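Participant: To start, I am sharing the structure in question, which I have written as structure tokens.
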Amino acid sequence: AQSVTQPDIHITVSEGASLELRCNYSYGATPYLFWYVQSPGQGLQLLLKYFSGDTLVQGIKGFEAEFKRSQSSFNLRKPSVHWSDAAEYFCAVGFNDYKLSFGAGTTVTVRA
Amino acid sequence: DTGVSQDPRHKITKRGQNVTFRCDPISEHNRLYWYRQTLGQGPEFLTYFQNEAQLEKSRLLSDRFSAERPKGSFSTLEIQRTEQGDSAMYLCASSSKGRGSGNTIYFGEGSWLTVV
């Protein structure tokens with residue numbers, strides 16, 4: 001069965017430190033890959049996406065993600081975290097071109 | 001591009017009442033989606049439209065749920081005889097059909113439903 005796994009439920013990081021959020025998927029082919037961010041009580045904002053081509057993709061707010069086919073992973077990174085990055089982050093995969101499956105999310109807390 | 005807009009943002013209703021949510025997609029997006037998100041979980045796909053045609057419905061969408069998209073523009077999601085288990089955020093999203101950047105799905109701010 002198709003699935004998306006975000007192994008870390010909650011991550012705490014110091015402001016200015018680096019951040020990496022993990023995402024693994026289970027599917028026979030390469031899906032479309034996305035990272036969304038959600039602030040409390042708000043909708044989802046797209047950070048970045050991967051459809052094909054260069055496996056290192058750049059997104060908004062200084063985020064980047066790397067697709068590793070051999071590991072079925074699409075991990076999100078940011079070199080230096082700001083307090084405003086505290087939010088919930090969702091990895092999503094599109095196994096066709098109209099429907100997304102989401103992971104359960106990773107909550108990021110930023111400490112001063 | 002004004003984004004996907006949803007109304008109302010918050011709704012509190014008594015069990016057994018009907019509720020309706022409206023979604024206005026990004027203009028010229030021909031695909032529209034409804035997702036549901038409960039606390040601590042990622043969004044789950046409910047249904048999607050291409051223009052006015054509803055092309056897929058999740059088994060999560062019970063008979064009490066109905067979605068429409070007349071004329072392929074805005075959409076409504078109605079829940080009849082609400083139950084406490086319907087309490088969730090209902091997210092609308094839209095995209096353009098096609099490959100490349102057209103596959104990007106943009107979400108609205110969501111409509112929170114609390115059934116008491």
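Convention: chains lettered A, B, ... in structure tokens order; per-chain residue numbering from 1; ligands numbered from 1 as shown.
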Tell me the residues of chain A close to chain B, meaning within 6 Å using only C-alpha atoms, as JSON, numbers by chain.
Facilitator: {"A": [42, 43, 44, 102, 103, 104]}
Participant: For range 9-14 of chain A, please output as a count of residues only all residues within 10 Å (counting only C-alpha atoms; exclusion window: fewer than 5 positions along the same chain).
Facilitator: 20
Participant: I need the strand (DSSP E or B) residues of range 8-106 of chain A per DSSP on the backbone, written as a count of residues only.
Facilitator: 51
Participant: Could you pull the residues within 12 Å of Asp63 in chain B, counting only C-alpha atoms, minus those fewer than 5 positions along the same chain, as a list in words?
Facilitator: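 Those residues are Lys57, Ser58, Glu78, Ile79, Gln80, Arg81 and Thr82 of chain B.
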Participant: Suppose we keep N, CA and C atoms; can you now write the selection as a PDB file, in the first residue's frame?
Facilitator:
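Saved as part-v2.pdb:
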ATOM      1  N   LYS B  57     -14.379  10.307  -5.331  1.00  0.00           N
ATOM      2  CA  LYS B  57     -14.807  10.520  -3.950  1.00  0.00           C
ATOM      3  C   LYS B  57     -14.151   9.478  -3.072  1.00  0.00           C
ATOM      4  N   SER B  58     -13.586   9.910  -1.970  1.00  0.00           N
ATOM      5  CA  SER B  58     -13.003   8.988  -1.009  1.00  0.00           C
ATOM      6  C   SER B  58     -14.110   8.255  -0.263  1.00  0.00           C
ATOM      7  N   GLU B  78     -21.472  20.234   1.683  1.00  0.00           N
ATOM      8  CA  GLU B  78     -22.543  20.202   2.659  1.00  0.00           C
ATOM      9  C   GLU B  78     -22.449  18.932   3.484  1.00  0.00           C
ATOM     10  N   ILE B  79     -22.630  19.090   4.766  1.00  0.00           N
ATOM     11  CA  ILE B  79     -22.683  17.946   5.663  1.00  0.00           C
ATOM     12  C   ILE B  79     -24.072  17.946   6.297  1.00  0.00           C
ATOM     13  N   GLN B  80     -24.794  16.881   6.091  1.00  0.00           N
ATOM     14  CA  GLN B  80     -26.127  16.770   6.664  1.00  0.00           C
ATOM     15  C   GLN B  80     -26.074  15.965   7.964  1.00  0.00           C
ATOM     16  N   ARG B  81     -26.975  16.313   8.852  1.00  0.00           N
ATOM     17  CA  ARG B  81     -27.109  15.572  10.127  1.00  0.00           C
ATOM     18  C   ARG B  81     -25.729  15.386  10.764  1.00  0.00           C
ATOM     19  N   THR B  82     -25.107  16.493  11.062  1.00  0.00           N
ATOM     20  CA  THR B  82     -23.736  16.444  11.563  1.00  0.00           C
ATOM     21  C   THR B  82     -23.605  15.594  12.820  1.00  0.00           C
TER      22      THR B  82
END
Participant: Here is a test: counting only C-alpha atoms, which residue of B:Ile12, B:Val116, B:Leu77, B:Leu55 is nearest to Tyr98 in chain A?
Facilitator: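 For Tyr98 in chain A, the nearest of the candidates is B:Leu55.
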Participant: Hey, what does DSSP flag as helix (DSSP H, G or I) within chain B? Can you give it to me as a ChimeraX atom specification?
Facilitator: /B:70-72,84-86,100-103
Participant: Take the residues that were just selected and, keeping all heavy atoms, output them as an mmCIF file, in the first residue's frame.
Facilitator:
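Output file again27.cif is given in full below:
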data_model
loop_
_atom_site.group_PDB
_atom_site.id
_atom_site.type_symbol
_atom_site.label_atom_id
_atom_site.label_comp_id
_atom_site.auth_asym_id
_atom_site.auth_seq_id
_atom_site.Cartn_x
_atom_site.Cartn_y
_atom_site.Cartn_z
ATOM 1 N N PRO B 70 -21.024 23.832 -9.272
ATOM 2 C CA PRO B 70 -21.816 24.266 -10.428
ATOM 3 C C PRO B 70 -21.029 25.199 -11.326
ATOM 4 O O PRO B 70 -20.300 26.071 -10.837
ATOM 5 C CB PRO B 70 -23.010 24.981 -9.779
ATOM 6 C CG PRO B 70 -22.526 25.382 -8.434
ATOM 7 C CD PRO B 70 -21.551 24.346 -8.006
ATOM 8 N N LYS B 71 -21.119 24.970 -12.601
ATOM 9 C CA LYS B 71 -20.462 25.811 -13.591
ATOM 10 C C LYS B 71 -18.946 25.809 -13.473
ATOM 11 O O LYS B 71 -18.272 26.663 -14.049
ATOM 12 C CB LYS B 71 -20.980 27.258 -13.532
ATOM 13 C CG LYS B 71 -22.486 27.375 -13.713
ATOM 14 C CD LYS B 71 -22.949 28.823 -13.632
ATOM 15 C CE LYS B 71 -24.461 28.906 -13.763
ATOM 16 N NZ LYS B 71 -24.937 30.318 -13.647
ATOM 17 N N GLY B 72 -18.405 24.892 -12.731
ATOM 18 C CA GLY B 72 -16.951 24.777 -12.659
ATOM 19 C C GLY B 72 -16.249 25.933 -11.983
ATOM 20 O O GLY B 72 -15.046 26.133 -12.211
ATOM 21 N N GLN B 84 -20.568 14.391 15.957
ATOM 22 C CA GLN B 84 -19.382 14.934 16.614
ATOM 23 C C GLN B 84 -18.105 14.518 15.890
ATOM 24 O O GLN B 84 -17.118 15.256 15.875
ATOM 25 C CB GLN B 84 -19.357 14.515 18.085
ATOM 26 C CG GLN B 84 -20.409 15.244 18.912
ATOM 27 C CD GLN B 84 -20.280 14.966 20.393
ATOM 28 O OE1 GLN B 84 -19.965 13.857 20.795
ATOM 29 N NE2 GLN B 84 -20.544 15.988 21.204
ATOM 30 N N GLY B 85 -18.128 13.371 15.282
ATOM 31 C CA GLY B 85 -16.959 12.906 14.541
ATOM 32 C C GLY B 85 -16.672 13.711 13.291
ATOM 33 O O GLY B 85 -15.607 13.548 12.688
ATOM 34 N N ASP B 86 -17.587 14.577 12.915
ATOM 35 C CA ASP B 86 -17.358 15.438 11.748
ATOM 36 C C ASP B 86 -16.506 16.654 12.103
ATOM 37 O O ASP B 86 -16.078 17.394 11.204
ATOM 38 C CB ASP B 86 -18.696 15.923 11.167
ATOM 39 C CG ASP B 86 -19.558 14.789 10.663
ATOM 40 O OD1 ASP B 86 -19.004 13.756 10.238
ATOM 41 O OD2 ASP B 86 -20.802 14.942 10.695
ATOM 42 N N GLY B 100 4.126 19.421 -14.898
ATOM 43 C CA GLY B 100 4.976 20.528 -14.493
ATOM 44 C C GLY B 100 4.343 21.320 -13.378
ATOM 45 O O GLY B 100 3.719 20.767 -12.490
ATOM 46 N N SER B 101 4.489 22.625 -13.418
ATOM 47 C CA SER B 101 3.980 23.442 -12.316
ATOM 48 C C SER B 101 2.470 23.362 -12.209
ATOM 49 O O SER B 101 1.896 23.722 -11.194
ATOM 50 C CB SER B 101 4.416 24.891 -12.492
ATOM 51 O OG SER B 101 3.864 25.417 -13.695
ATOM 52 N N GLY B 102 1.809 22.871 -13.238
ATOM 53 C CA GLY B 102 0.361 22.762 -13.173
ATOM 54 C C GLY B 102 -0.113 21.745 -12.183
ATOM 55 O O GLY B 102 -1.287 21.737 -11.827
ATOM 56 N N ASN B 103 0.742 20.870 -11.720
ATOM 57 C CA ASN B 103 0.315 19.886 -10.750
ATOM 58 C C ASN B 103 0.337 20.409 -9.332
ATOM 59 O O ASN B 103 -0.019 19.692 -8.416
ATOM 60 C CB ASN B 103 1.238 18.659 -10.815
ATOM 61 C CG ASN B 103 0.999 17.874 -12.062
ATOM 62 O OD1 ASN B 103 1.774 17.948 -12.999
ATOM 63 N ND2 ASN B 103 -0.096 17.146 -12.098
#
Participant: Can you pull out the residues contacting Leu33 in chain A? Cut-off 7 Å, using only C-alpha atoms, and skip same-chain residues under 2 positions away; I want them as a ChimeraX atom specification.
Facilitator: /A:31,49-51,92-94
Participant: Which value, in Å to one decimal, gives the distance between CA of Lys14 in chain B and CA of Trp34 in chain B?
Facilitator: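 Result for CA of Lys14 in chain B versus CA of Trp34 in chain B: 22.5 Å, one decimal.
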Participant: Would you work out the distance separating CA of Ser101 in chain A from CA of Gln54 in chain B, expressed in Å to one decimal?
Facilitator: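 These two atoms are separated by 18.9 Å.
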Participant: Between CA of Lys99 in chain A and CA of Glu66 in chain A, what is the distance, to one decimal in Å?
Facilitator: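 For CA of Lys99 in chain A relative to CA of Glu66 in chain A, the distance reads 21.7 Å.
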